[in-house]
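> Got a file for you: input_21.txt, compact mmCIF, C-alpha atoms.
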# COMPACT_ATOMS: atom_id res chain seq x y z
CA MET A 1 128.45 6.96 124.94
CA LYS A 2 131.86 5.53 124.34
CA LYS A 3 133.16 9.02 123.71
CA LYS A 4 131.69 10.25 126.98
CA LEU A 5 133.35 7.42 128.88
CA VAL A 6 136.71 8.24 127.31
CA SER A 7 136.23 11.89 128.23
CA PHE A 8 135.45 10.93 131.81
CA LEU A 9 138.48 8.68 132.07
CA VAL A 10 140.76 11.32 130.60
CA GLY A 11 139.27 13.81 133.04
CA ALA A 12 139.94 11.48 135.94
CA ALA A 13 143.53 11.06 134.81
CA ILE A 14 144.01 14.82 134.67
CA VAL A 15 142.53 15.25 138.14
CA GLY A 16 144.82 12.49 139.37
CA SER A 17 147.84 14.23 137.90
CA ALA A 18 146.75 17.57 139.25
CA ALA A 19 146.82 16.11 142.73
CA MET A 20 150.60 15.87 142.31
CA ALA A 21 150.87 19.60 141.65
CA SER A 22 153.36 20.91 144.11
CA ALA A 23 154.97 24.23 143.20
CA HIS A 24 158.20 22.81 144.59
CA PHE A 25 161.12 23.75 142.39
CA GLN A 26 164.64 22.46 142.55
CA MET A 27 167.00 25.32 141.77
CA ILE A 28 170.54 25.29 140.46
CA TYR A 29 171.26 28.98 140.59
CA THR A 30 174.11 31.12 139.35
CA PRO A 31 173.62 34.78 138.46
CA GLU A 32 174.36 34.54 134.73
CA MET A 33 173.55 31.76 132.27
CA ALA A 34 175.12 33.58 129.29
CA MET A 35 178.61 34.68 130.28
CA THR A 36 180.80 36.74 127.99
CA LYS A 37 184.00 35.54 129.65
CA GLY A 38 184.87 32.46 131.63
CA GLY A 39 185.87 32.36 135.25
CA LYS A 40 184.71 31.09 138.61
CA ILE A 41 180.96 30.93 139.04
CA PRO A 42 179.00 30.26 142.23
CA LEU A 43 176.30 27.58 142.18
CA LYS A 44 173.54 27.28 144.77
CA LEU A 45 171.33 24.19 144.97
CA VAL A 46 168.07 25.07 146.72
CA PHE A 47 164.73 23.24 146.89
CA THR A 48 162.09 25.88 147.35
CA HIS A 49 159.00 27.75 146.10
CA PRO A 50 160.59 30.46 143.96
CA PHE A 51 157.66 32.70 143.03
CA GLU A 52 156.82 33.51 146.61
CA ALA A 53 160.27 32.80 148.06
CA GLY A 54 158.20 30.46 150.18
CA HIS A 55 158.92 27.33 152.16
CA THR A 56 162.43 26.01 151.53
CA MET A 57 162.77 22.25 151.95
CA ASP A 58 165.79 20.56 153.52
CA MET A 59 167.90 18.91 150.85
CA GLY A 60 169.73 15.73 151.71
CA ARG A 61 173.07 14.99 150.11
CA PRO A 62 172.35 14.73 146.36
CA GLU A 63 172.66 11.37 144.66
CA GLN A 64 174.53 12.97 141.75
CA PHE A 65 175.74 16.42 140.77
CA PHE A 66 177.87 16.81 137.69
CA VAL A 67 178.46 19.00 134.68
CA VAL A 68 178.75 18.01 131.04
CA ARG A 69 180.96 20.45 129.20
CA THR A 70 180.58 20.61 125.44
CA ARG A 71 182.04 23.09 123.01
CA GLY A 72 181.52 23.07 119.28
CA GLU A 73 182.11 19.65 117.79
CA ASN A 74 184.33 18.48 120.67
CA SER A 75 183.32 15.33 122.55
CA PRO A 76 181.34 16.02 125.73
CA LYS A 77 183.30 15.82 128.98
CA ARG A 78 181.58 14.87 132.20
CA ILE A 79 183.01 16.30 135.42
CA ASP A 80 181.74 15.04 138.78
CA LEU A 81 181.03 17.90 141.19
CA LEU A 82 179.42 15.95 144.03
CA ASP A 83 182.49 16.05 146.27
CA THR A 84 182.84 19.80 145.83
CA LEU A 85 179.45 20.53 147.43
CA GLN A 86 179.35 22.38 150.74
CA GLN A 87 176.27 22.43 152.93
CA ILE A 88 174.62 25.81 153.50
CA THR A 89 171.43 27.16 155.01
CA TRP A 90 169.15 29.00 152.59
CA THR A 91 166.71 31.51 154.02
CA SER A 92 163.40 32.18 152.31
CA LEU A 93 160.75 34.64 153.45
CA THR A 94 159.07 32.02 155.64
CA ASN A 95 161.80 29.66 156.90
CA SER A 96 165.30 28.32 156.38
CA GLY A 97 166.30 25.01 154.83
CA GLN A 98 169.41 22.96 154.15
CA ALA A 99 170.89 23.57 150.72
CA TRP A 100 174.23 23.15 148.94
CA GLU A 101 176.76 25.29 147.15
CA THR A 102 179.94 25.04 145.14
CA VAL A 103 182.16 27.10 142.88
CA TYR A 104 182.95 26.02 139.33
CA ARG A 105 185.50 27.32 136.88
CA ALA A 106 183.83 27.75 133.49
CA ARG A 107 185.60 28.13 130.16
CA GLY A 108 184.07 28.38 126.69
CA GLY A 109 180.98 26.57 125.44
CA ASP A 110 178.00 24.91 127.12
CA HIS A 111 178.14 23.66 130.68
CA ILE A 112 175.14 21.45 131.40
CA PHE A 113 174.78 21.18 135.17
CA CYS A 114 172.81 18.12 136.23
CA LEU A 115 171.44 17.40 139.68
CA LEU A 116 169.82 14.20 140.89
CA PRO A 117 168.74 15.13 144.40
CA GLU A 118 167.99 12.73 147.19
CA PRO A 119 164.20 12.17 147.12
CA TYR A 120 162.43 14.54 149.51
CA TRP A 121 159.70 13.18 151.78
CA GLU A 122 156.66 15.44 151.48
CA GLU A 123 154.85 14.82 154.73
CA ALA A 124 151.73 16.70 153.72
CA ASP A 125 151.15 14.50 150.69
CA SER A 126 152.78 11.29 151.94
CA TYR A 127 155.03 10.80 148.94
CA TYR A 128 158.60 11.48 147.90
CA ILE A 129 159.63 14.05 145.31
CA GLN A 130 162.76 13.80 143.20
CA GLN A 131 163.30 16.64 140.77
CA ASN A 132 166.14 15.86 138.38
CA THR A 133 167.30 19.28 137.31
CA LYS A 134 169.31 20.85 134.50
CA VAL A 135 170.74 24.33 134.09
CA ILE A 136 172.87 25.24 131.09
CA VAL A 137 175.50 27.97 131.33
CA ASN A 138 177.21 29.17 128.17
CA VAL A 139 180.49 31.04 128.00
CA GLY A 140 181.43 33.14 125.00
CA GLY A 141 178.53 32.24 122.72
CA GLU A 142 179.96 29.08 121.20
CA PRO A 143 177.27 26.41 121.51
CA GLY A 144 177.76 22.79 122.43
CA ALA A 145 175.35 19.91 122.88
CA TRP A 146 172.70 21.93 124.73
CA ASN A 147 169.92 20.21 122.73
CA GLU A 148 171.10 16.65 123.34
CA PRO A 149 169.78 14.43 126.16
CA VAL A 150 172.28 13.92 128.95
CA GLY A 151 170.68 10.60 129.85
CA LEU A 152 169.03 11.43 133.18
CA PRO A 153 166.15 9.11 134.20
CA THR A 154 163.79 12.05 133.84
CA GLU A 155 164.90 15.00 131.76
CA ILE A 156 163.72 18.04 129.87
CA VAL A 157 165.69 18.53 126.66
CA PRO A 158 165.49 22.13 125.45
CA LEU A 159 164.54 22.82 121.83
CA ALA A 160 165.81 26.40 122.17
CA LYS A 161 168.86 27.56 124.09
CA PRO A 162 167.69 28.32 127.62
CA TYR A 163 170.38 30.99 127.90
CA ASP A 164 169.58 33.03 124.78
CA ARG A 165 165.89 33.84 125.11
CA TRP A 166 164.68 37.40 124.68
CA THR A 167 161.62 38.47 126.59
CA GLY A 168 158.68 37.60 124.34
CA ASN A 169 160.38 34.60 122.73
CA VAL A 170 158.87 31.19 123.16
CA PHE A 171 160.66 28.33 124.84
CA GLN A 172 160.11 24.70 123.97
CA GLY A 173 161.30 21.61 125.73
CA ARG A 174 160.83 17.88 125.27
CA VAL A 175 159.96 15.84 128.36
CA LEU A 176 161.71 12.47 128.55
CA LEU A 177 161.43 9.44 130.82
CA ASN A 178 164.36 7.06 130.36
CA GLY A 179 165.04 8.73 127.04
CA GLU A 180 161.51 8.38 125.66
CA PRO A 181 159.10 11.30 125.16
CA VAL A 182 156.29 11.57 127.70
CA ALA A 183 153.05 12.39 125.89
CA ASN A 184 150.79 14.93 127.59
CA ALA A 185 153.21 15.48 130.48
CA GLU A 186 152.02 18.02 133.01
CA VAL A 187 154.48 20.90 133.33
CA GLU A 188 154.43 23.50 136.06
CA VAL A 189 155.94 26.89 135.28
CA GLU A 190 157.11 29.36 137.86
CA TYR A 191 158.93 32.69 137.81
CA MET A 192 161.82 33.37 140.15
CA ASN A 193 160.12 36.37 141.62
CA HIS A 194 162.56 37.20 144.41
CA LYS A 195 166.21 37.77 143.56
CA PRO A 196 168.58 35.23 145.16
CA LEU A 197 171.15 37.03 147.32
CA LEU A 198 174.29 34.95 147.16
CA GLY A 199 176.14 36.75 149.93
CA SER A 200 173.51 35.96 152.53
CA ASN A 201 172.13 32.75 150.96
CA SER A 202 168.63 34.15 150.96
CA PHE A 203 165.91 35.61 148.76
CA ALA A 204 165.38 39.35 148.47
CA GLU A 205 162.29 40.44 150.32
CA GLU A 206 161.13 42.58 147.41
CA ALA A 207 159.13 40.81 144.70
CA GLU A 208 159.54 41.59 141.00
CA VAL A 209 155.85 41.15 140.18
CA GLU A 210 152.57 40.70 141.99
CA ALA A 211 150.25 37.84 141.01
CA PRO A 212 146.71 39.11 140.40
CA GLN A 213 145.31 35.74 141.49
CA ARG A 214 146.62 32.38 142.70
CA SER A 215 146.56 30.82 139.23
CA PHE A 216 149.38 33.12 138.19
CA VAL A 217 151.77 32.00 140.93
CA LEU A 218 152.10 28.55 139.45
CA GLN A 219 151.09 28.08 135.85
CA THR A 220 150.27 24.64 134.48
CA ILE A 221 150.72 23.62 130.87
CA PHE A 222 150.82 20.27 129.11
CA ALA A 223 153.16 18.71 126.60
CA ASP A 224 151.81 17.42 123.31
CA LYS A 225 151.82 13.79 122.12
CA ASN A 226 155.56 14.08 121.40
CA GLY A 227 156.34 15.32 124.88
CA VAL A 228 156.96 18.87 123.65
CA PHE A 229 155.70 21.86 125.60
CA THR A 230 155.72 25.50 124.55
CA PHE A 231 155.81 28.61 126.71
CA GLY A 232 155.85 32.31 125.75
CA ILE A 233 158.20 34.27 128.02
CA PRO A 234 156.49 37.42 129.31
CA LYS A 235 159.26 38.84 131.49
CA ALA A 236 163.03 38.84 131.80
CA GLY A 237 164.57 36.70 134.49
CA TRP A 238 164.62 33.07 135.51
CA TRP A 239 161.74 30.76 134.63
CA GLY A 240 161.51 27.20 135.92
CA PHE A 241 159.73 24.28 134.24
CA ALA A 242 158.90 21.15 136.22
CA ALA A 243 157.43 18.13 134.46
CA LEU A 244 155.66 16.14 137.17
CA ASP A 245 155.33 12.49 138.13
CA LEU A 246 156.74 11.10 134.92
CA ASP A 247 157.16 7.57 136.24
CA GLN A 248 153.84 7.02 137.96
CA ASN A 249 154.63 3.59 139.42
CA TYR A 250 158.03 4.62 140.74
CA GLN A 251 158.68 3.99 144.42
CA TYR A 252 161.44 4.99 146.80
CA LYS A 253 161.86 3.18 150.10
CA GLY A 254 158.52 1.50 149.53
CA LYS A 255 156.62 4.75 149.07
CA LYS A 256 155.26 6.63 146.11
CA CYS A 257 157.89 8.95 144.59
CA SER A 258 157.04 11.68 142.12
CA ARG A 259 159.89 11.58 139.65
CA ASP A 260 160.03 15.03 138.07
CA ALA A 261 162.25 16.79 135.54
CA VAL A 262 163.20 20.46 135.89
CA ILE A 263 164.92 22.95 133.61
CA TRP A 264 165.47 26.68 133.98
CA LEU A 265 165.91 29.48 131.46
CA GLN A 266 167.10 33.04 131.85
CA ALA A 267 165.47 35.60 129.55
CA LYS A 268 166.76 39.08 128.78
CA ASP A 269 164.99 42.27 127.70
CA MET A 270 165.82 43.77 124.29
CA LYS A 271 167.28 47.20 125.01
CA MET B 1 161.50 21.63 84.63
CA VAL B 2 162.11 25.32 85.14
CA LEU B 3 160.39 25.15 88.51
CA LYS B 4 162.62 22.27 89.61
CA TYR B 5 165.69 24.24 88.54
CA PHE B 6 164.49 27.29 90.44
CA ILE B 7 163.87 25.30 93.59
CA ALA B 8 167.29 23.64 93.36
CA VAL B 9 168.99 27.01 92.98
CA ALA B 10 166.92 28.48 95.81
CA VAL B 11 167.90 25.63 98.11
CA LEU B 12 171.54 26.10 97.15
CA PHE B 13 171.43 29.80 97.96
CA THR B 14 169.67 29.12 101.25
CA SER B 15 172.36 26.63 102.22
CA VAL B 16 175.10 29.08 101.37
CA THR B 17 173.41 31.76 103.44
CA ILE B 18 173.17 29.44 106.43
CA ALA B 19 176.78 28.38 106.08
CA GLN B 20 177.91 32.00 106.13
CA ALA B 21 175.78 33.01 109.07
CA HIS B 22 178.36 31.97 111.65
CA THR B 23 180.73 34.33 113.37
CA PRO B 24 184.18 33.47 114.71
CA LEU B 25 184.71 33.14 118.45
CA CYS B 26 187.90 32.94 120.44
CA SER B 27 188.42 32.96 124.21
CA CYS B 28 191.78 32.70 125.93
CA PHE B 29 192.55 31.65 129.49
CA ASP B 30 195.60 31.86 131.72
CA ASN B 31 196.30 28.32 132.94
CA GLY B 32 198.20 29.61 135.98
CA ASP B 33 201.38 27.78 134.96
CA GLU B 34 202.88 30.39 132.63
CA THR B 35 200.88 29.02 129.71
CA ILE B 36 197.82 30.35 127.90
CA THR B 37 195.12 28.28 126.21
CA CYS B 38 192.92 29.76 123.52
CA GLU B 39 189.67 28.09 122.49
CA GLY B 40 188.40 28.88 119.01
CA GLY B 41 185.13 28.14 117.33
CA PHE B 42 182.13 29.52 115.50
CA SER B 43 178.73 30.64 116.65
CA ASP B 44 177.06 27.74 114.83
CA GLY B 45 179.17 25.25 116.77
CA SER B 46 181.35 24.21 113.85
CA SER B 47 184.96 23.18 114.49
CA ALA B 48 187.90 25.56 114.29
CA ALA B 49 190.46 22.77 113.95
CA GLY B 50 193.28 23.91 111.66
CA VAL B 51 192.46 27.62 111.90
CA ALA B 52 195.59 29.80 112.05
CA VAL B 53 196.55 31.39 115.38
CA ARG B 54 199.36 33.87 115.92
CA VAL B 55 200.79 35.42 119.06
CA GLU B 56 202.16 38.84 118.22
CA THR B 57 203.79 41.77 119.97
CA MET B 58 201.93 45.06 119.89
CA ALA B 59 204.27 46.03 117.01
CA GLU B 60 202.91 42.96 115.16
CA THR B 61 206.08 40.90 115.36
CA VAL B 62 205.00 37.28 115.28
CA LEU B 63 206.15 35.42 118.41
CA VAL B 64 204.27 32.16 117.87
CA ASP B 65 202.70 30.92 114.66
CA GLY B 66 200.41 27.92 114.96
CA GLN B 67 196.97 26.53 114.42
CA MET B 68 194.03 25.22 116.43
CA ASN B 69 194.33 21.51 117.25
CA GLU B 70 191.62 18.90 116.72
CA ASP B 71 189.81 20.15 119.85
CA SER B 72 189.94 23.73 118.48
CA GLU B 73 192.47 24.68 121.17
CA PHE B 74 195.88 26.30 121.06
CA THR B 75 198.26 26.47 124.04
CA PHE B 76 201.43 28.57 124.18
CA ASP B 77 203.94 29.90 126.72
CA ARG B 78 202.91 33.31 128.03
CA PRO B 79 205.18 36.00 126.51
CA LYS B 80 207.01 38.40 128.86
CA GLY B 81 205.78 41.71 127.45
CA ASP B 82 202.54 43.02 125.96
CA TYR B 83 201.07 40.85 123.26
CA PHE B 84 197.87 39.86 121.52
CA VAL B 85 196.48 36.66 120.06
CA MET B 86 195.13 36.70 116.50
CA PHE B 87 192.58 34.01 115.63
CA ASP B 88 192.66 34.12 111.84
CA ALA B 89 189.91 32.21 110.03
CA GLY B 90 190.20 34.38 106.93
CA GLU B 91 189.03 37.81 105.87
CA GLY B 92 186.12 38.99 108.00
CA HIS B 93 186.70 36.10 110.40
CA LYS B 94 189.53 37.40 112.55
CA ILE B 95 189.53 37.97 116.29
CA LYS B 96 192.16 39.86 118.24
CA VAL B 97 192.47 39.03 121.93
CA PRO B 98 194.72 41.42 123.90
CA GLY B 99 197.01 39.66 126.38
CA LYS B 100 195.93 42.10 129.12
CA GLU B 101 192.40 40.74 128.94
CA ILE B 102 193.46 37.13 129.42
CA VAL B 103 192.85 35.97 132.98
CA GLU B 104 192.35 32.64 134.75
Could you rewrite the structure in this file as structure tokens?

Amino acid sequence: MKKKLVSFLVGAAIVGSAAMASAHFQMIYTPEMAMTKGGKIPLKLVFTHPFEAGHTMDMGRPEQFFVVRTRGENSPKRIDLLDTLQQITWTSLTNSGQAWETVYRARGGDHIFCLLPEPYWEEADSYYIQQNTKVIVNVGGEPGAWNEPVGLPTEIVPLAKPYDRWTGNVFQGRVLLNGEPVANAEVEVEYMNHKPLLGSNSFAEEAEVEAPQRSFVLQTIFADKNGVFTFGIPKAGWWGFAALDLDQNYQYKGKKCSRDAVIWLQAKDMK
Amino acid sequence: MVLKYFIAVAVLFTSVTIAQAHTPLCSCFDNGDETITCEGGFSDGSSAAGVAVRVETMAETVLVDGQMNEDSEFTFDRPKGDYFVMFDAGEGHKIKVPGKEIVE
């Protein structure tokens, strides 16, 4: 009896979490995560639905946008990029939304781009969403502190380099809230199915793959008791991971706010 | 006793293998002020501080002879003619960076 009650309560908790499922993904996009040489790289910050190049949400001015550069055993250097952001309009297949862009000069090592966006009011669900997002660009192959927490309120710390995954590799990440692992965190996974076109600030109309059924558009997995999730990468390209509602009592402007953590990887085919 | 010895030796060999699995890396950038900065390192993230760096003409005349600083960097004045940078971490761990390939 006791066991049944526990099962029911766990089930209710899962249903409750599932209600937060959104398919929204905060992007920090640049064409290449693993660069052979340094140089200027474009960065686009877009809040959208990447598998379907669907509804793009208006982004307010981010609370924080910075990069942590680490190379070898050198001390990490944090560079604030917030004042470099320029407002743009990003066009998806269904609408256009306010987004941001900048250009960054990258030299050797890991560049951990971190975005704390302004919480977005989701009218349909009557709550805010804030997806704290990381993308790691490496130049030249010399690693830095890619596997260390940056210290964001919500954060996914990769356990494999997000920029060196072959197609067919697995990717693991640890979900953190204020630096502590989040057991059983719900993680949504989505493929960037339409190529971002940087010249026109839009998604390509052509899709890379076709989902055989709705479940494949947005996959849901769960972290283990240590906050670690595992995902096998079936196709080259960009894959996004969003750990949802990690701070369930968190409020913004007196309203519920889903505090999420996002990380992206870029996988390559062996050829 | 023999088993313990075997395990100890096996661990030692494993460690040596891991230590040798790194490859040298060196990237150079034009700072836009007539100077060049080279960043050295290894694929396992270990430091290149103290590693020898030479700037040479194409005829292998040494123009600058130095070493990576504590941040594994080396900055020098850009030579007038053709040149290359040699990151020299020992036999099998050398990298030659042609000056023509060094951009901002």
> Could you tell me how far atom CA of Asp110 of chain A sits from atom CA of Pro234 of chain A, in Å to one decimal place?
25.0 Å
> May I have a table of the residues of chain B lying at most 9 Å from chain A, giving each one's closest pair of atoms and their distance in Å to one decimal, counting all atoms listed in the file, ordered by chain and ascending residue number, as a tab-separated table?

residue	atom	partner	partner_atom	distance
B:Pro24	CA	A:Glu142	CA	8.9
B:Leu25	CA	A:Glu142	CA	6.8
B:Cys26	CA	A:Gly140	CA	7.9
B:Ser27	CA	A:Gly108	CA	6.8
B:Cys28	CA	A:Arg107	CA	8.8
B:Phe29	CA	A:Arg107	CA	7.8
B:Glu39	CA	A:Gly108	CA	7.0
B:Gly40	CA	A:Glu142	CA	8.7
B:Gly41	CA	A:Gly72	CA	6.5
B:Phe42	CA	A:Glu142	CA	6.1
B:Ser43	CA	A:Glu142	CA	5.0
B:Asp44	CA	A:Pro143	CA	6.8
B:Gly45	CA	A:Gly72	CA	4.1
B:Ser46	CA	A:Gly72	CA	5.6
B:Ser47	CA	A:Glu73	CA	5.6
B:Ala48	CA	A:Gly72	CA	8.5
B:Glu70	CA	A:Asn74	CA	8.3
B:Asp71	CA	A:Asn74	CA	5.8
B:Ser72	CA	A:Asn74	CA	8.0
B:Val103	CA	A:Gly39	CA	8.2
B:Glu104	CA	A:Gly39	CA	6.5
> Include C-alpha atoms and write out the residues we just selected as a PDB file, in the coordinates of the input.

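out-v3.pdb written:
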ATOM      1  CA  PRO B  24     184.180  33.470 114.710  1.00  0.00           C
ATOM      2  CA  LEU B  25     184.710  33.140 118.450  1.00  0.00           C
ATOM      3  CA  CYS B  26     187.900  32.940 120.440  1.00  0.00           C
ATOM      4  CA  SER B  27     188.420  32.960 124.210  1.00  0.00           C
ATOM      5  CA  CYS B  28     191.780  32.700 125.930  1.00  0.00           C
ATOM      6  CA  PHE B  29     192.550  31.650 129.490  1.00  0.00           C
ATOM      7  CA  GLU B  39     189.670  28.090 122.490  1.00  0.00           C
ATOM      8  CA  GLY B  40     188.400  28.880 119.010  1.00  0.00           C
ATOM      9  CA  GLY B  41     185.130  28.140 117.330  1.00  0.00           C
ATOM     10  CA  PHE B  42     182.130  29.520 115.500  1.00  0.00           C
ATOM     11  CA  SER B  43     178.730  30.640 116.650  1.00  0.00           C
ATOM     12  CA  ASP B  44     177.060  27.740 114.830  1.00  0.00           C
ATOM     13  CA  GLY B  45     179.170  25.250 116.770  1.00  0.00           C
ATOM     14  CA  SER B  46     181.350  24.210 113.850  1.00  0.00           C
ATOM     15  CA  SER B  47     184.960  23.180 114.490  1.00  0.00           C
ATOM     16  CA  ALA B  48     187.900  25.560 114.290  1.00  0.00           C
ATOM     17  CA  GLU B  70     191.620  18.900 116.720  1.00  0.00           C
ATOM     18  CA  ASP B  71     189.810  20.150 119.850  1.00  0.00           C
ATOM     19  CA  SER B  72     189.940  23.730 118.480  1.00  0.00           C
ATOM     20  CA  VAL B 103     192.850  35.970 132.980  1.00  0.00           C
ATOM     21  CA  GLU B 104     192.350  32.640 134.750  1.00  0.00           C
TER      22      GLU B 104
END
> Each residue of segment 83-171 of chain A lying at most 8 Å from segment 49-56 of chain A should get a row with its shortest atom-to-atom pair and the distance in Å to one decimal, counting all atoms listed in the file; could you produce that, ordered by chain and increasing number, as a Markdown table?

| residue | atom | partner | partner_atom | distance |
| --- | --- | --- | --- | --- |
| A:Trp90 | CA | A:Thr56 | CA | 7.4 |
| A:Thr91 | CA | A:Thr56 | CA | 7.4 |
| A:Ser92 | CA | A:Ala53 | CA | 5.3 |
| A:Leu93 | CA | A:Ala53 | CA | 5.7 |
| A:Thr94 | CA | A:Gly54 | CA | 5.7 |
| A:Asn95 | CA | A:His55 | CA | 6.0 |
| A:Ser96 | CA | A:Thr56 | CA | 6.1 |
| A:Gly97 | CA | A:Thr56 | CA | 5.2 |
> Distance atom CA of Gly151 of chain A-atom CA of Gly179 of chain A, one decimal place?
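Taking atom CA of Gly151 of chain A and atom CA of Gly179 of chain A, their separation equals 6.6 Å.
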> Which residues come within 6 Å of segment 74-83 of chain B, counting only C-alpha atoms, excluding same-chain residues fewer than 2 positions away, as a PyMOL selection string?
chain B and resi 34-38+56-58+68+99
> Ile221 of chain A: which residues within 10 Å, counting all atoms listed in the file, same-chain residues fewer than 6 positions away excluded, as a short mmCIF file (atom, residue, chain, number, x, y, z; two decimals) with C-alpha atoms, keeping the file's coordinate frame?

data_model
loop_
_atom_site.label_atom_id
_atom_site.label_comp_id
_atom_site.auth_asym_id
_atom_site.auth_seq_id
_atom_site.Cartn_x
_atom_site.Cartn_y
_atom_site.Cartn_z
CA ASN A 184 150.79 14.93 127.59
CA ALA A 185 153.21 15.48 130.48
CA GLU A 186 152.02 18.02 133.01
CA VAL A 187 154.48 20.90 133.33
CA GLU A 188 154.43 23.50 136.06
CA VAL A 189 155.94 26.89 135.28
CA PHE A 229 155.70 21.86 125.60
CA THR A 230 155.72 25.50 124.55
CA PHE A 231 155.81 28.61 126.71
CA PHE A 241 159.73 24.28 134.24
CA ALA A 243 157.43 18.13 134.46
#
> Quick one, how far is atom CA of Ala267 of chain A from atom CA of Gln130 of chain A?
25.9 Å
> Give me the residues within 10 Å of Cys257 of chain A as a list in words, counting all atoms listed in the file and dropping any in the same chain fewer than 3 places off.
Pro119, Tyr120, Trp121, Glu122, Ser126, Tyr127, Tyr128, Ile129, Gln130, Asp245, Leu246, Asp247, Gln248, Asn249, Tyr250, Gln251, Tyr252, Lys253, Gly254 and Asp260 of chain A
> Around all listed atoms of segment 80-84 of chain B, padded 5 Å per side, what centre and edge lengths does the axis-aligned box have in Å to one decimal, as lines of an AutoDock Vina configuration file?

center_x = 202.4
center_y = 40.7
center_z = 125.2
size_x = 19.1
size_y = 14.6
size_z = 17.3
> Applying 10 Å and all atoms listed in the file, which residues near Pro181 of chain A remain after dropping the ones on its own chain fewer than 3 positions away? List them as a list in words.
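Close residues of Pro181 of chain A: Thr154, Glu155, Ile156, Val157, Arg174, Val175, Leu176, Leu177, Asn178, Asn184, Ala185, Ala223, Asp224, Lys225, Asn226, Gly227 and Val228 of chain A.
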> Find the residue from A:Asn132, A:Ser200, A:Gln219, A:Gln213 that sits nearest to Ser258 of chain A; use only C-alpha atoms when measuring.
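The shortest atom-to-atom distance to Ser258 of chain A comes from A:Asn132.
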> Could you check the closest approach to Lys161 of chain A for each of A:Gln266, A:Gln86, A:Thr48, A:Gln64 and tell me which residue wins, using only C-alpha atoms?
A:Gln266
> Skipping near chain neighbours, those fewer than 3 positions away, what residues fall within 8 Å of Gly66 of chain B using all atoms listed in the file, listed as a list in words?
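Once the adjacent positions are removed, what remains is Ala52, Val53, Arg54 and Phe74 of chain B.
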